[in-house]
Each structure stands twice: as C-alpha cells, then as structure tokens.
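Visitor: Hey, dropping target.cif in here, mmCIF, C-alpha atoms and all ligand atoms:
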```cif
data_query
loop_
_atom_site.label_atom_id
_atom_site.label_comp_id
_atom_site.auth_asym_id
_atom_site.auth_seq_id
_atom_site.Cartn_x
_atom_site.Cartn_y
_atom_site.Cartn_z
CA MET A 1 50.25 58.05 -191.97
CA GLY A 2 52.47 56.07 -194.28
CA SER A 3 53.71 52.52 -193.94
CA ASN A 4 56.89 53.44 -192.04
CA SER A 5 56.77 51.37 -188.84
CA ASN A 6 58.65 54.11 -186.92
CA GLU A 7 55.83 56.51 -187.62
CA MET A 8 53.79 56.81 -184.46
CA LEU A 9 50.28 58.16 -184.04
CA TYR A 10 49.40 60.79 -181.45
CA CYS A 11 46.10 62.56 -180.88
CA LEU A 12 44.06 64.99 -178.85
CA LEU A 13 40.95 63.40 -177.31
CA GLY A 14 38.23 65.91 -176.57
CA ASN A 15 34.97 67.35 -177.79
CA GLY A 16 34.63 70.55 -179.83
CA ILE A 17 38.37 70.62 -180.51
CA LYS A 18 38.55 71.11 -184.25
CA ASN A 19 40.35 74.47 -183.87
CA SER A 20 42.85 73.20 -181.30
CA LEU A 21 46.45 74.41 -181.67
CA SER A 22 47.84 71.11 -180.30
CA PRO A 23 48.34 69.48 -183.76
CA ILE A 24 50.33 72.52 -184.97
CA ILE A 25 52.45 72.52 -181.81
CA HIS A 26 53.20 68.78 -181.68
CA ASN A 27 53.66 68.27 -185.43
CA SER A 28 56.19 71.14 -185.31
CA PHE A 29 57.98 69.43 -182.43
CA PHE A 30 58.08 66.15 -184.41
CA GLN A 31 59.42 67.96 -187.46
CA SER A 32 62.12 69.91 -185.63
CA ASN A 33 63.22 66.73 -183.83
CA LYS A 34 63.17 64.74 -187.11
CA LEU A 35 60.61 62.24 -185.79
CA GLU A 36 58.29 60.68 -188.32
CA SER A 37 55.13 60.89 -186.27
CA TYR A 38 51.72 62.41 -186.70
CA TYR A 39 49.37 64.21 -184.27
CA THR A 40 45.69 64.71 -184.98
CA THR A 41 42.46 65.65 -183.19
CA LEU A 42 39.80 63.06 -182.35
CA ASN A 43 36.40 64.41 -181.37
CA VAL A 44 34.95 61.82 -179.03
CA ASN A 45 31.78 61.57 -176.94
CA SER A 46 32.19 60.30 -173.38
CA ASN A 47 30.24 57.14 -174.30
CA ASP A 48 32.76 56.29 -177.05
CA LEU A 49 35.95 56.87 -175.06
CA LYS A 50 36.54 53.22 -174.19
CA THR A 51 35.96 52.07 -177.78
CA ILE A 52 38.37 54.70 -179.13
CA LEU A 53 41.05 53.73 -176.62
CA ASP A 54 40.60 50.03 -177.47
CA THR A 55 41.05 50.90 -181.15
CA LEU A 56 44.13 53.05 -180.48
CA ARG A 57 45.72 50.13 -178.60
CA LYS A 58 45.62 48.17 -181.89
CA LEU A 59 47.31 50.95 -183.90
CA ASN A 60 50.81 52.42 -184.02
CA PHE A 61 49.68 54.62 -181.14
CA ARG A 62 52.12 56.20 -178.70
CA GLY A 63 50.30 58.97 -176.89
CA ALA A 64 47.42 61.40 -176.50
CA ASN A 65 46.49 64.66 -174.92
CA VAL A 66 43.13 64.81 -173.21
CA THR A 67 40.96 67.90 -172.94
CA ILE A 68 37.42 69.07 -172.12
CA PRO A 69 35.31 67.10 -171.20
CA HIS A 70 37.39 63.92 -170.76
CA LYS A 71 40.19 64.81 -168.32
CA THR A 72 38.50 62.90 -165.50
CA ASP A 73 36.13 60.62 -167.51
CA ILE A 74 39.11 58.88 -169.09
CA ILE A 75 40.62 57.64 -165.82
CA PRO A 76 38.62 54.37 -165.50
CA TYR A 77 39.81 53.27 -168.98
CA LEU A 78 43.53 53.69 -168.26
CA ASP A 79 45.79 50.95 -166.87
CA SER A 80 47.56 53.23 -164.38
CA LEU A 81 48.09 56.84 -163.33
CA ASP A 82 51.22 58.62 -162.28
CA SER A 83 51.04 60.05 -158.77
CA LEU A 84 50.34 63.67 -159.81
CA ALA A 85 47.47 62.72 -162.14
CA ASN A 86 46.11 60.59 -159.33
CA SER A 87 46.29 63.45 -156.81
CA VAL A 88 44.73 66.02 -159.16
CA ASN A 89 42.19 63.43 -160.39
CA ALA A 90 42.69 64.72 -163.95
CA VAL A 91 44.69 63.42 -166.92
CA ASN A 92 45.81 65.61 -169.83
CA THR A 93 48.47 63.24 -171.22
CA VAL A 94 48.35 59.51 -171.99
CA LEU A 95 51.39 57.38 -172.80
CA TYR A 96 50.92 53.96 -174.43
CA GLU A 97 53.87 51.81 -173.50
CA ASN A 98 54.29 48.03 -173.12
CA GLU A 99 50.60 47.64 -174.02
CA LYS A 100 49.57 49.81 -171.06
CA LEU A 101 47.83 53.18 -171.11
CA ILE A 102 49.36 55.42 -168.45
CA GLY A 103 47.77 58.75 -167.43
CA TYR A 104 49.82 61.85 -166.60
CA ASN A 105 49.06 65.47 -165.79
CA THR A 106 51.30 68.17 -167.31
CA ASP A 107 48.80 71.00 -166.69
CA VAL A 108 50.03 71.58 -163.13
CA GLU A 109 53.71 71.92 -164.09
CA GLY A 110 52.74 73.64 -167.36
CA PHE A 111 50.94 76.27 -165.29
CA MET A 112 53.64 76.59 -162.61
CA LYS A 113 56.71 76.83 -164.90
CA PRO A 114 55.95 80.33 -166.30
CA LEU A 115 54.86 81.43 -162.82
CA ARG A 116 58.12 80.31 -161.20
CA LYS A 117 60.04 82.42 -163.71
CA ASN A 118 58.34 85.46 -162.15
CA ILE A 119 57.96 84.44 -158.50
CA GLN A 120 60.52 82.81 -156.22
CA ARG A 121 58.64 82.93 -152.89
CA PHE A 122 54.99 81.95 -152.71
CA ASP A 123 54.49 81.76 -148.94
CA ASN A 124 53.88 85.52 -148.69
CA LYS A 125 51.58 85.68 -151.73
CA LYS A 126 47.81 86.08 -151.87
CA ALA A 127 46.40 84.62 -155.11
CA VAL A 128 42.94 85.18 -156.54
CA ILE A 129 41.67 82.58 -159.01
CA LEU A 130 38.78 83.39 -161.33
CA GLY A 131 36.90 80.19 -162.17
CA SER A 132 36.70 76.69 -160.76
CA GLY A 133 36.47 74.44 -163.81
CA GLY A 134 38.96 71.84 -165.03
CA ALA A 135 41.87 74.24 -165.54
CA SER A 136 41.36 75.73 -162.11
CA LYS A 137 41.92 72.29 -160.54
CA ALA A 138 45.51 72.23 -161.87
CA VAL A 139 46.04 75.87 -160.86
CA LEU A 140 44.86 75.20 -157.30
CA TYR A 141 46.96 72.06 -156.99
CA GLY A 142 50.07 73.97 -158.14
CA LEU A 143 49.49 76.96 -155.86
CA ILE A 144 48.76 74.79 -152.81
CA ASN A 145 51.95 72.82 -153.37
CA ALA A 146 53.88 76.06 -153.82
CA ASN A 147 52.54 76.96 -150.35
CA CYS A 148 50.83 80.26 -151.17
CA LYS A 149 49.80 82.36 -148.16
CA GLU A 150 46.12 82.60 -149.14
CA LEU A 151 43.88 81.54 -152.03
CA ILE A 152 40.61 83.19 -153.00
CA ILE A 153 38.40 81.54 -155.64
CA LEU A 154 35.73 83.53 -157.44
CA ASN A 155 33.27 81.57 -159.54
CA ARG A 156 29.93 82.24 -161.22
CA THR A 157 28.44 79.11 -159.59
CA ILE A 158 29.75 79.18 -156.04
CA GLU A 159 28.71 75.52 -155.40
CA ASN A 160 31.19 74.39 -158.07
CA ALA A 161 34.00 76.26 -156.32
CA ARG A 162 33.04 74.83 -152.92
CA GLN A 163 32.90 71.32 -154.36
CA ILE A 164 36.48 71.62 -155.66
CA VAL A 165 37.73 73.01 -152.34
CA THR A 166 36.20 70.22 -150.22
CA LYS A 167 38.25 67.71 -152.23
CA LEU A 168 41.54 69.56 -151.67
CA ASP A 169 44.04 68.54 -149.05
CA SER A 170 45.38 71.89 -147.87
CA ASP A 171 46.29 73.84 -144.72
CA ILE A 172 46.28 77.10 -146.70
CA PRO A 173 43.28 79.41 -146.10
CA ILE A 174 41.03 79.06 -149.18
CA SER A 175 37.78 81.01 -149.54
CA CYS A 176 35.11 80.89 -152.25
CA HIS A 177 32.97 83.80 -153.42
CA VAL A 178 30.64 84.55 -156.30
CA LEU A 179 32.38 86.06 -159.32
CA ASN A 180 30.83 89.49 -159.83
CA GLN A 181 31.91 93.13 -159.88
CA LYS A 182 31.03 93.66 -156.21
CA THR A 183 33.33 90.85 -155.06
CA ILE A 184 36.14 92.07 -157.28
CA ASP A 185 35.76 95.60 -155.88
CA SER A 186 36.08 94.21 -152.35
CA LEU A 187 39.53 92.66 -153.00
CA SER A 188 42.82 94.23 -151.92
CA ASP A 189 46.56 93.44 -151.86
CA VAL A 190 46.26 90.85 -154.64
CA ASP A 191 49.74 89.54 -155.37
CA ILE A 192 48.66 87.17 -158.16
CA MET A 193 45.44 87.37 -160.20
CA ILE A 194 44.77 84.26 -162.30
CA ASN A 195 42.00 84.03 -164.86
CA THR A 196 40.70 80.56 -165.80
CA VAL A 197 37.33 81.81 -167.11
CA PRO A 198 36.71 82.31 -170.87
CA LEU A 199 36.04 86.01 -170.15
CA HIS A 200 37.07 87.22 -173.60
CA LYS A 201 35.24 84.48 -175.51
CA THR A 202 31.99 85.07 -173.57
CA ASN A 203 32.44 88.85 -173.66
CA THR A 204 32.12 88.98 -169.88
CA ILE A 205 33.06 92.47 -168.72
CA LEU A 206 34.71 92.84 -165.33
CA ASP A 207 36.52 95.95 -164.19
CA PHE A 208 39.81 95.53 -162.35
CA HIS A 209 41.00 98.77 -160.78
CA SER A 210 44.32 99.87 -159.33
CA ASP A 211 43.12 99.66 -155.68
CA LEU A 212 43.24 95.85 -155.98
CA GLY A 213 47.04 96.15 -155.94
CA ILE A 214 47.50 93.39 -158.54
CA LYS A 215 51.22 92.71 -158.97
CA LEU A 216 51.14 89.81 -161.41
CA ALA A 217 48.33 88.69 -163.73
CA TYR A 218 48.15 85.30 -165.45
CA ASP A 219 45.48 84.68 -168.09
CA LEU A 220 44.91 81.04 -169.06
CA GLU A 221 42.66 82.14 -171.94
CA TYR A 222 45.03 82.32 -174.91
CA LEU A 223 42.90 83.40 -177.86
CA PRO A 224 43.50 86.15 -178.80
CA LYS A 225 46.90 86.74 -177.25
CA GLU A 226 45.84 90.18 -175.97
CA THR A 227 42.57 89.32 -174.22
CA ASN A 228 40.52 92.05 -172.53
CA PHE A 229 41.82 90.74 -169.20
CA ILE A 230 45.45 91.07 -170.37
CA LYS A 231 44.77 94.57 -171.73
CA GLN A 232 43.30 95.69 -168.40
CA MET A 233 46.18 94.18 -166.43
CA LYS A 234 48.68 95.89 -168.74
CA SER A 235 47.03 99.23 -168.01
CA LEU A 236 47.46 98.50 -164.26
CA ASN A 237 51.18 97.88 -164.86
CA ALA A 238 50.94 94.32 -163.53
CA ASP A 239 53.55 91.79 -164.60
CA LEU A 240 51.94 89.51 -167.21
CA ILE A 241 51.87 85.83 -168.05
CA TYR A 242 49.98 85.00 -171.25
CA GLY A 243 47.83 81.93 -171.85
CA TYR A 244 50.04 80.73 -174.69
CA GLU A 245 52.95 80.38 -172.24
CA MET A 246 51.11 77.64 -170.30
CA LEU A 247 49.80 76.14 -173.56
CA LEU A 248 53.34 75.65 -174.84
CA SER A 249 54.80 74.67 -171.50
CA GLN A 250 52.28 71.85 -170.88
CA ALA A 251 52.69 70.68 -174.51
CA LYS A 252 56.49 70.48 -174.17
CA LEU A 253 56.12 68.38 -171.02
CA SER A 254 53.68 66.00 -172.77
CA PHE A 255 56.12 65.67 -175.66
CA GLN A 256 58.88 64.80 -173.21
CA ILE A 257 56.75 62.03 -171.66
CA TRP A 258 56.12 60.50 -175.10
CA THR A 259 59.55 60.90 -176.69
CA GLY A 260 62.06 61.61 -173.90
CA ILE A 261 62.86 64.92 -175.63
CA LEU A 262 62.03 68.27 -174.02
CA PRO A 263 61.61 70.60 -177.04
CA SER A 264 64.02 73.48 -176.79
CA ASP A 265 63.33 75.04 -180.17
CA ASP A 266 61.39 78.17 -179.33
CA SER A 267 60.65 78.93 -182.98
CA ILE A 268 57.26 77.33 -182.23
CA ASP A 269 56.54 80.22 -179.84
CA GLY A 270 56.75 82.67 -182.78
CA LYS A 271 54.62 80.39 -184.97
CA ILE A 272 51.88 80.16 -182.31
CA LEU A 273 52.00 83.90 -181.65
CA SER A 274 51.46 84.64 -185.33
CA ILE A 275 48.37 82.37 -185.28
CA LEU A 276 46.97 83.90 -182.08
CA GLY A 277 47.40 87.43 -183.39
CA VAL A 278 47.01 90.37 -181.04
N1 LIG A 301 46.58 78.11 -171.49
C1 LIG A 301 46.36 76.82 -171.33
O1 LIG A 301 47.24 75.96 -171.49
C2 LIG A 301 45.00 76.38 -170.90
C3 LIG A 301 44.78 75.09 -170.34
C4 LIG A 301 43.48 74.76 -169.94
C5 LIG A 301 42.44 75.67 -170.11
N2 LIG A 301 42.70 76.88 -170.65
C6 LIG A 301 41.63 77.89 -170.81
O2 LIG A 301 41.01 78.10 -169.53
C7 LIG A 301 39.62 78.38 -169.73
C8 LIG A 301 38.78 77.42 -168.87
O3 LIG A 301 39.01 76.08 -169.25
P1 LIG A 301 38.44 74.89 -168.34
O4 LIG A 301 39.01 73.65 -168.88
O5 LIG A 301 38.62 75.19 -166.90
O6 LIG A 301 36.87 74.98 -168.69
P2 LIG A 301 35.65 74.49 -167.80
O7 LIG A 301 36.02 73.29 -167.02
O8 LIG A 301 34.48 74.45 -168.73
O9 LIG A 301 35.42 75.70 -166.74
C9 LIG A 301 34.99 76.96 -167.17
C10 LIG A 301 35.00 77.94 -166.00
O10 LIG A 301 34.61 79.23 -166.49
C11 LIG A 301 33.38 79.64 -165.87
N3 LIG A 301 32.56 80.31 -166.88
C12 LIG A 301 32.27 79.85 -168.14
N4 LIG A 301 31.52 80.78 -168.80
C13 LIG A 301 31.36 81.82 -167.95
C14 LIG A 301 30.69 83.09 -168.06
N5 LIG A 301 30.04 83.47 -169.16
N6 LIG A 301 30.72 83.93 -166.98
C15 LIG A 301 31.37 83.58 -165.86
N7 LIG A 301 32.01 82.39 -165.69
C16 LIG A 301 32.01 81.54 -166.73
C17 LIG A 301 32.76 78.38 -165.31
O11 LIG A 301 31.94 78.74 -164.21
P3 LIG A 301 30.73 77.80 -163.69
O12 LIG A 301 31.33 76.85 -162.69
O13 LIG A 301 29.77 78.76 -163.10
O14 LIG A 301 30.17 77.09 -164.91
C18 LIG A 301 34.02 77.61 -164.88
O15 LIG A 301 34.53 78.10 -163.67
C19 LIG A 301 39.36 78.27 -171.24
O16 LIG A 301 39.45 79.56 -171.78
C20 LIG A 301 40.52 77.41 -171.74
O17 LIG A 301 40.85 77.66 -173.10
C21 LIG A 301 43.95 77.25 -171.04
#
```
Output the file's structure as structure tokens, nothing else.

Guide:
Amino acid sequence: MGSNSNEMLYCLLGNGIKNSLSPIIHNSFFQSNKLESYYTTLNVNSNDLKTILDTLRKLNFRGANVTIPHKTDIIPYLDSLDSLANSVNAVNTVLYENEKLIGYNTDVEGFMKPLRKNIQRFDNKKAVILGSGGASKAVLYGLINANCKELIILNRTIENARQIVTKLDSDIPISCHVLNQKTIDSLSDVDIMINTVPLHKTNTILDFHSDLGIKLAYDLEYLPKETNFIKQMKSLNADLIYGYEMLLSQAKLSFQIWTGILPSDDSIDGKILSILGV
C-alpha cells in the first residue's frame, strides 16, 4: 500500500488460503470501480486471531472475508453481528466502521441467489445436501428459510450432520444419513442435489444414476469448473449451478457491505473462468 490515505486495506483471514481467488476477485472490483484499495490473504492460526484483529484496528483497515477454519472462531473477537450472521453462527465478512468490527454472513445469500434464478417455488422441492461442514450450514439455513419441502443430508461422519441439525430451528423434515453409494442408490425424486464435499479434490467417486430423478445440481466445489460431480450431472441432463457462481455472488455481496457498491461488471466472471479452466 502507498501513502494515499484513501487507500484501504482488505484481507482474507483463514488458514491454508494462499491459492484463494478472493484477492483476484476483490482487487478487480476495486480496479473497475476506481477505488484505491488493496486486498490480500492473511494466513492466521486460531490462537493469533485476536492479535491480528487488534493490529488491523490500528491500520487503514476496512474489511475482511473469513474462511476455514475461522468462520465461527472469530465471533468472540467482534464487536457485533448482524442478525443473519448471528442466526447462522458463522461470519464470512467483517466490516470495520466507527472503530467497531461488525460480522456479516454473505454465504447464505451468495448460495441462494444463483438458486433463485433457477427455482421460483421451493415448498414442493426435495433437496439432498452432500456434506455437513461450514458451507453446508449456510446452505441449510438458506433452504430452510426458502421453505423447502424436505431436506436430506448425507455426510461421511453422520454425528457431524446430526449435530448441525439439532441446532437448526426448522419445521421442515430433515433427515441425516451416511454418505455412501448405498444411500445414494436409495434416493428418488431428488429435485435439487447440492454438493458441499470436496469430492473432486479428494478423488471421491460416487455414482449418480438417472433413477434419482435429479432435476437441478449445484456444486459448491469450484476448482476445476467442470468437476466430476458437474460432469456426471451434465450427463443426467440436470440443470447446473457451478461453484464459481456462488463464489462470485458471495464476494459481490461482501464488496457491497464494505463499499456500498454492488459490482455489476461481469467481466470478472470471464477472468475467474479462465483461471478455473475446464
Ligand atoms: N463456491 C463457494 O463459494 C464455496 C463457499 C464455501 C465452500 N465451498 C467449497 O465447499 C467445500 C466444503 O467447504 P466447507 O467450508 O464446508 O469445508 P469443511 O467445513 O471442512 O467441511 C467439509 C465437508 O466435506 C466432508 N468431506 C471432506 N473430505 C471428505 C471425503 N474424502 N469423503 C467424504 N466426505 C468428505 C466433510 O465430512 P466429515 O464431517 O465427515 O468430515 C464435511 O462434511 C469445499 O470444496 C469448498 O471449497 C465453496
């Protein structure tokens, strides 16, 4: 950063984030909106979070994104939470304003926005969610609020799925099962299939066949663009939502919280797609 006092500092707080796309996305937004600001990644251990935040308070700091493993850990060090972040119990965006750190969650809306472009009515939809980690929390919150007819969670460690469900306030039927081929084969009439597991990265092979009746598939994994999950869903002729769509949608909402500007320049979509490859 230079000495220009208008130049604000933004960062991603996480661990193992050196290849994150967030700096490319947000620095492009700053550039296209002619804002002299800078976004960088800060790898932080949970034990150092408070110290880092205390240091940022002393700098020309305006905002941060928060990712694995700090989305919940960070909450005690913030001055306040907006109501959504409070309900989800997870923060992915921090705004520093009037010497206060305020926590927000744009993952829920970032997930729902691309989905709402494809689906108008949720109350007659059965959704299956693969995974019950941090991303799944935002997915579940969004689908419950959209009033889906039924939610089915499949997770490798069933206790983790059950733990998430016991904390949810919902009248919608939600069931948890172990994520394996047998459970997948037992599914039917799946309106929406959502993947929040790093299936491609971990080379986890699951077979999704046409009898499942999948109408729309949403993969949160975004690297590469055409994951094995997306390829399979394409062959089933399901409508598709790619991981990069949520990535960009949550980023645009964070940017709006920090700057008041909702980026409309979709040239970033092409830039990100060329990085993700096929
Ligand atoms: N597109 C976006 O904007 C966006 C936003 C957030 C996250 N994501 C993506 O979503 C994925 C999950 O992120 P997260 O934050 O939820 O991570 P997380 O909190 O670490 O959760 C990971 C989930 O995947 C499961 N899992 C991990 N390795 C597995 C394997 N080999 N076999 C079966 N299940 C496995 C875990 O199951 P256990 O409970 O059994 O450990 C857990 O349910 C990542 O690919 C991330 O990049 C995308």

Visitor: Applying 8 Å and all atoms listed in the file, which residues near Ala64 (chain A) remain after dropping the ones on its own chain fewer than 4 positions away? List them as an NGL selection string.

Guide: :A and (10-13 or 93-95)

Visitor: For region 138-142 of chain A, find every residue with an atom within 7 Å (counting all atoms listed in the file), except residues of its own chain fewer than 3 positions away, and show them as a list in words.

Guide: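 Non-adjacent residues within range: Val88, Asp107, Val108, Phe111, Met112, Ala135, Asn145 and Ala146 of chain A.
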
Visitor: Could you give me, as a PyMOL selection string, every polymer residue with an atom at most 8 Å away from an atom of ligand LIG 301 (chain A), counting all atoms listed in the file?

Guide: chain A and resi 67-69+107+110-111+130-137+155-161+179+195-199+201-204+219-223+242-250

Visitor: Find the residues around Leu49 (chain A) up to 9 Å (all atoms listed in the file counted), leave out those fewer than 6 positions away in its own chain, and share them as a PDB file with C-alpha atoms, in the frame of the given file.

Guide:
```pdb
ATOM      1  CA  LEU A  13      40.950  63.400-177.310  1.00  0.00           C
ATOM      2  CA  HIS A  70      37.390  63.920-170.760  1.00  0.00           C
ATOM      3  CA  ASP A  73      36.130  60.620-167.510  1.00  0.00           C
ATOM      4  CA  ILE A  74      39.110  58.880-169.090  1.00  0.00           C
ATOM      5  CA  TYR A  77      39.810  53.270-168.980  1.00  0.00           C
TER       6      TYR A  77
END
```

Visitor: Which one of A:Val165, A:Leu236, A:Cys176, A:Leu253 sits closest to Ile153 (chain A) if you count only C-alpha atoms?

Guide: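 The shortest atom-to-atom distance to Ile153 (chain A) comes from A:Cys176.
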
Visitor: What is the distance, in Å and to one decimal place, between CA of Asp189 (chain A) and CA of Ile214 (chain A)?

Guide: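 Here the two named atoms are 6.7 Å from each other.
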
Visitor: Name all residues at most 9 Å from Asn118 (chain A) (count only C-alpha atoms; drop same-chain ones fewer than 4 positions away) and give them as a list of chain:residue names.

Guide: A:Pro114, A:Leu216, A:Asp239, A:Ile241

Visitor: Pull C-alpha atoms from the residues just selected and write them as a PDB file, in the frame of the given file.

Guide:
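Final file, out-v1.pdb:
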```pdb
ATOM      1  CA  PRO A 114      55.950  80.330-166.300  1.00  0.00           C
ATOM      2  CA  LEU A 216      51.140  89.810-161.410  1.00  0.00           C
ATOM      3  CA  ASP A 239      53.550  91.790-164.600  1.00  0.00           C
ATOM      4  CA  ILE A 241      51.870  85.830-168.050  1.00  0.00           C
TER       5      ILE A 241
END
```

Visitor: Provide region 86-101 of chain A of the preceding structure as a file containing N, CA and C atoms, as a PDB file, in the first residue's frame.

Guide:
```
ATOM      1  N   ASN A  86     -25.605 -13.902  13.132  1.00  0.00           N
ATOM      2  CA  ASN A  86     -25.934 -14.385  14.467  1.00  0.00           C
ATOM      3  C   ASN A  86     -26.746 -15.680  14.383  1.00  0.00           C
ATOM      4  N   SER A  87     -27.743 -15.703  13.478  1.00  0.00           N
ATOM      5  CA  SER A  87     -28.591 -16.901  13.352  1.00  0.00           C
ATOM      6  C   SER A  87     -27.800 -18.088  12.804  1.00  0.00           C
ATOM      7  N   VAL A  88     -26.943 -17.840  11.823  1.00  0.00           N
ATOM      8  CA  VAL A  88     -26.177 -18.950  11.223  1.00  0.00           C
ATOM      9  C   VAL A  88     -25.006 -19.354  12.131  1.00  0.00           C
ATOM     10  N   ASN A  89     -24.626 -18.440  13.029  1.00  0.00           N
ATOM     11  CA  ASN A  89     -23.461 -18.635  13.900  1.00  0.00           C
ATOM     12  C   ASN A  89     -22.183 -18.800  13.078  1.00  0.00           C
ATOM     13  N   ALA A  90     -22.091 -18.037  11.991  1.00  0.00           N
ATOM     14  CA  ALA A  90     -20.894 -18.063  11.142  1.00  0.00           C
ATOM     15  C   ALA A  90     -20.760 -16.709  10.453  1.00  0.00           C
ATOM     16  N   VAL A  91     -19.505 -16.243  10.393  1.00  0.00           N
ATOM     17  CA  VAL A  91     -19.201 -14.940   9.786  1.00  0.00           C
ATOM     18  C   VAL A  91     -18.252 -15.175   8.614  1.00  0.00           C
ATOM     19  N   ASN A  92     -18.597 -14.647   7.426  1.00  0.00           N
ATOM     20  CA  ASN A  92     -17.620 -14.713   6.325  1.00  0.00           C
ATOM     21  C   ASN A  92     -17.185 -13.323   5.878  1.00  0.00           C
ATOM     22  N   THR A  93     -17.782 -12.274   6.497  1.00  0.00           N
ATOM     23  CA  THR A  93     -17.449 -10.901   6.113  1.00  0.00           C
ATOM     24  C   THR A  93     -17.389 -10.037   7.367  1.00  0.00           C
ATOM     25  N   VAL A  94     -16.314  -9.230   7.463  1.00  0.00           N
ATOM     26  CA  VAL A  94     -16.189  -8.304   8.595  1.00  0.00           C
ATOM     27  C   VAL A  94     -16.079  -6.892   8.032  1.00  0.00           C
ATOM     28  N   LEU A  95     -16.829  -5.979   8.626  1.00  0.00           N
ATOM     29  CA  LEU A  95     -16.736  -4.560   8.274  1.00  0.00           C
ATOM     30  C   LEU A  95     -16.157  -3.822   9.482  1.00  0.00           C
ATOM     31  N   TYR A  96     -15.146  -2.966   9.235  1.00  0.00           N
ATOM     32  CA  TYR A  96     -14.605  -2.146  10.331  1.00  0.00           C
ATOM     33  C   TYR A  96     -15.086  -0.727  10.123  1.00  0.00           C
ATOM     34  N   GLU A  97     -15.971  -0.302  10.981  1.00  0.00           N
ATOM     35  CA  GLU A  97     -16.578   1.019  10.822  1.00  0.00           C
ATOM     36  C   GLU A  97     -16.767   1.653  12.188  1.00  0.00           C
ATOM     37  N   ASN A  98     -16.450   2.945  12.305  1.00  0.00           N
ATOM     38  CA  ASN A  98     -16.559   3.675  13.575  1.00  0.00           C
ATOM     39  C   ASN A  98     -15.861   2.921  14.714  1.00  0.00           C
ATOM     40  N   GLU A  99     -14.690   2.376  14.397  1.00  0.00           N
ATOM     41  CA  GLU A  99     -13.858   1.645  15.351  1.00  0.00           C
ATOM     42  C   GLU A  99     -14.537   0.396  15.905  1.00  0.00           C
ATOM     43  N   LYS A 100     -15.493  -0.129  15.155  1.00  0.00           N
ATOM     44  CA  LYS A 100     -16.164  -1.380  15.565  1.00  0.00           C
ATOM     45  C   LYS A 100     -16.023  -2.426  14.460  1.00  0.00           C
ATOM     46  N   LEU A 101     -15.775  -3.659  14.880  1.00  0.00           N
ATOM     47  CA  LEU A 101     -15.735  -4.780  13.938  1.00  0.00           C
ATOM     48  C   LEU A 101     -17.104  -5.450  13.937  1.00  0.00           C
TER      49      LEU A 101
END
```
